[in-house]
Structures are given as C-alpha cells and as structure tokens.
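Shown next, in structure tokens, is the structure this report addresses.
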Amino acid sequence: MSLKNKGRKGFTITEIIVATAVFVVLFSAIMWMSTSSRAESSKSINYLRALELAQEGVDWVNSTPFGDVTDSNLSFLHGSLVDPSTGDSIKMPVAENAKNSVSETKYPQDYSKCYFYRTVKIEELNNSVPYGRFLKKVTIGIYWNEGKTPKKIEAASGEPDRMRKLYMSTIIFDDKAYY
C-alpha cells in the first residue's frame, strides 16, 4: 500500500447497500403518493362532472313552466348518458328555441368512461307542507362508476348498477298561481 492512498477512505459494501435501500424506500413512497394523488384527482373530477350533470337537470327544471314539470315532460333527462349500442356519449338535450349552431352536441367522451346515469324524481308537496300546492320538490340523482364497466348500461327499474351516487334537490314555486 502506498502512502498516497493511506488517508483516503472509500465506501464499504454495507454502506452502499444501506444507501440503496434508503433510496428505494424513498422512491417507493414518492411513487405511491403520486399514484394515489392521481387516483384521487380522477375521483374528484368525476364527482365534479356528476355535480355538473345534476345542475344541468336542475337548470332544465327551473326553465320549465311549473305546470309542465311532470315525469313525462322531463323524461328526456332520465337514463344513461352512454348509448348502450355504441358505447359513446348520447346527444345533449337542447331546448327547442335555443339558437344552437351545432346540430348534434354530445357529452364529452370522458363522461362515457364513467357510465353516468341520471334520474329525475318529482314530488307534489300538496298536503305535506303549508301552501304545498304551490310547491314541487325535484330530486336529480346521478350515478357513475370509477373505472369499472357496469353489468347493464340501462337500468330496467330502480337504481342503476353503479358504484357512486349523488343527489341534488330543489324546490320550485308556482309564482303564477293565485293565493
């Protein structure tokens, strides 16, 4: 051994193994946080989309005259937002008097990946609250999946086969009725 190398120290194999293990643990933790953050962001985006769809239903109800707020008149809002035969998004509802330059506006394709399904429930509040004859309660239900294809895209009756659900309710008032 020469005198030049006598004062220098190198890394031992144990130090290299420990440093590698620490690096692997830290890298794994960062990757786990990144992956879980992305999954949670995706869930949040889907939740916001469900809120948008529920708000769209509430807007339709609010723009409909009180006497026309019936199950049959609002049936176009009820059902899957995915066409079962093609797997694509369905056409968005457009009001008859809307000045829409696009002939067939569809929901974005990202909506079809979650298999959104919307329900509309209308309740007459005639005797349940004072002045109930002037009120209707409308509940919009939105159901969707997180990365899983449902067994049936359309529900025959009852709640559809979905993992998540959200409800938004509103009370509408007949402002043209006599008191």
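Each chain in the structure tokens gets a letter, A, B, ..., in the order shown, and its residues are numbered from 1; ligands are numbered from 1 in order too.
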Contact table segment 13-69 of chain A vs segment 86-93 of chain A, cut-off 12 Å, shortest pair per residue, only C-alpha atoms, as a tab-separated table:
```
residue	atom	partner	partner_atom	distance
A:Leu53	CA	A:Met92	CA	10.7
A:Glu56	CA	A:Pro93	CA	9.8
A:Gly57	CA	A:Pro93	CA	10.1
A:Asp59	CA	A:Pro93	CA	11.8
A:Trp60	CA	A:Pro93	CA	9.4
```
Suppose we keep all heavy atoms; can you now write the selection as a PDB file, in the first residue's frame?
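Written out: selection29.pdb:
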```pdb
ATOM      1  N   LEU A  53     -73.763  17.554 -14.111  1.00  0.00           N
ATOM      2  CA  LEU A  53     -74.924  16.882 -14.692  1.00  0.00           C
ATOM      3  C   LEU A  53     -76.170  17.090 -13.836  1.00  0.00           C
ATOM      4  O   LEU A  53     -77.270  17.285 -14.360  1.00  0.00           O
ATOM      5  CB  LEU A  53     -74.638  15.393 -14.877  1.00  0.00           C
ATOM      6  CG  LEU A  53     -73.579  15.068 -15.933  1.00  0.00           C
ATOM      7  CD1 LEU A  53     -73.183  13.600 -15.846  1.00  0.00           C
ATOM      8  CD2 LEU A  53     -74.064  15.429 -17.318  1.00  0.00           C
ATOM      9  N   GLU A  56     -77.261  20.615 -14.396  1.00  0.00           N
ATOM     10  CA  GLU A  56     -77.919  20.710 -15.698  1.00  0.00           C
ATOM     11  C   GLU A  56     -79.389  20.305 -15.575  1.00  0.00           C
ATOM     12  O   GLU A  56     -80.276  20.967 -16.120  1.00  0.00           O
ATOM     13  CB  GLU A  56     -77.216  19.811 -16.718  1.00  0.00           C
ATOM     14  CG  GLU A  56     -77.867  19.815 -18.087  1.00  0.00           C
ATOM     15  CD  GLU A  56     -77.270  18.790 -19.028  1.00  0.00           C
ATOM     16  OE1 GLU A  56     -76.959  17.663 -18.580  1.00  0.00           O
ATOM     17  OE2 GLU A  56     -77.131  19.125 -20.208  1.00  0.00           O
ATOM     18  N   GLY A  57     -79.654  19.231 -14.835  1.00  0.00           N
ATOM     19  CA  GLY A  57     -81.031  18.792 -14.619  1.00  0.00           C
ATOM     20  C   GLY A  57     -81.842  19.833 -13.856  1.00  0.00           C
ATOM     21  O   GLY A  57     -82.995  20.118 -14.202  1.00  0.00           O
ATOM     22  N   ASP A  59     -81.268  23.033 -13.785  1.00  0.00           N
ATOM     23  CA  ASP A  59     -81.477  24.162 -14.708  1.00  0.00           C
ATOM     24  C   ASP A  59     -82.629  23.890 -15.665  1.00  0.00           C
ATOM     25  O   ASP A  59     -83.418  24.790 -15.967  1.00  0.00           O
ATOM     26  CB  ASP A  59     -80.202  24.468 -15.483  1.00  0.00           C
ATOM     27  CG  ASP A  59     -79.107  25.074 -14.611  1.00  0.00           C
ATOM     28  OD1 ASP A  59     -79.419  25.538 -13.493  1.00  0.00           O
ATOM     29  OD2 ASP A  59     -77.939  25.065 -15.044  1.00  0.00           O
ATOM     30  N   TRP A  60     -82.732  22.653 -16.159  1.00  0.00           N
ATOM     31  CA  TRP A  60     -83.849  22.291 -17.036  1.00  0.00           C
ATOM     32  C   TRP A  60     -85.167  22.442 -16.295  1.00  0.00           C
ATOM     33  O   TRP A  60     -86.149  22.961 -16.833  1.00  0.00           O
ATOM     34  CB  TRP A  60     -83.705  20.858 -17.551  1.00  0.00           C
ATOM     35  CG  TRP A  60     -82.950  20.769 -18.828  1.00  0.00           C
ATOM     36  CD1 TRP A  60     -81.655  20.385 -18.978  1.00  0.00           C
ATOM     37  CD2 TRP A  60     -83.427  21.083 -20.134  1.00  0.00           C
ATOM     38  NE1 TRP A  60     -81.299  20.439 -20.286  1.00  0.00           N
ATOM     39  CE2 TRP A  60     -82.374  20.866 -21.037  1.00  0.00           C
ATOM     40  CE3 TRP A  60     -84.645  21.521 -20.631  1.00  0.00           C
ATOM     41  CZ2 TRP A  60     -82.490  21.066 -22.395  1.00  0.00           C
ATOM     42  CZ3 TRP A  60     -84.767  21.726 -21.998  1.00  0.00           C
ATOM     43  CH2 TRP A  60     -83.694  21.503 -22.859  1.00  0.00           C
TER      44      TRP A  60
END
```
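Take atom CA of Ser75 of chain A and atom CA of Leu48 of chain A: the distance between them is 23.3 Å.
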Quiz item: What residues in chain A get the DSSP label strand (DSSP E or B)? Please answer as a VMD selection string.
Solution: chain A and resid 79 to 80 82 89 91 106 117 to 124 135 to 144 164 to 173
Quiz item: Near segment 157-172 of chain A, within 8 Å and counting only C-alpha atoms, which residues show up once chain neighbours fewer than 3 positions away are dropped, as a ChimeraX atom specification?
Solution: /A:50-51,54-55,58,62,66,117,135-146,150-154
Quiz prompt | Long-range neighbours of Phe76 of chain A as a ChimeraX atom specification, 10 Å cut-off, only C-alpha atoms, 4 positions minimum in chain | solution = /A:71-72,92-93,118-120
Quiz item: Where in chain A does DSSP assign helix (DSSP H, G or I), given as an NGL selection string?
Solution: :A and (13-62 or 66-68 or 75-77 or 109-112 or 132-134)
Quiz item: Pick the closest to Leu74 of chain A from A:Tyr131, A:Arg38, A:Lys176, A:Ile122: which is it, counting only C-alpha atoms?
Solution: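 Checking each of A:Tyr131, A:Arg38, A:Lys176, A:Ile122 against Leu74 of chain A, counting only C-alpha atoms, the winner is A:Ile122.
Atom pair atom CA of Phe23 of chain A / atom CA of Ala39 of chain A: separated by 24.4 Å.
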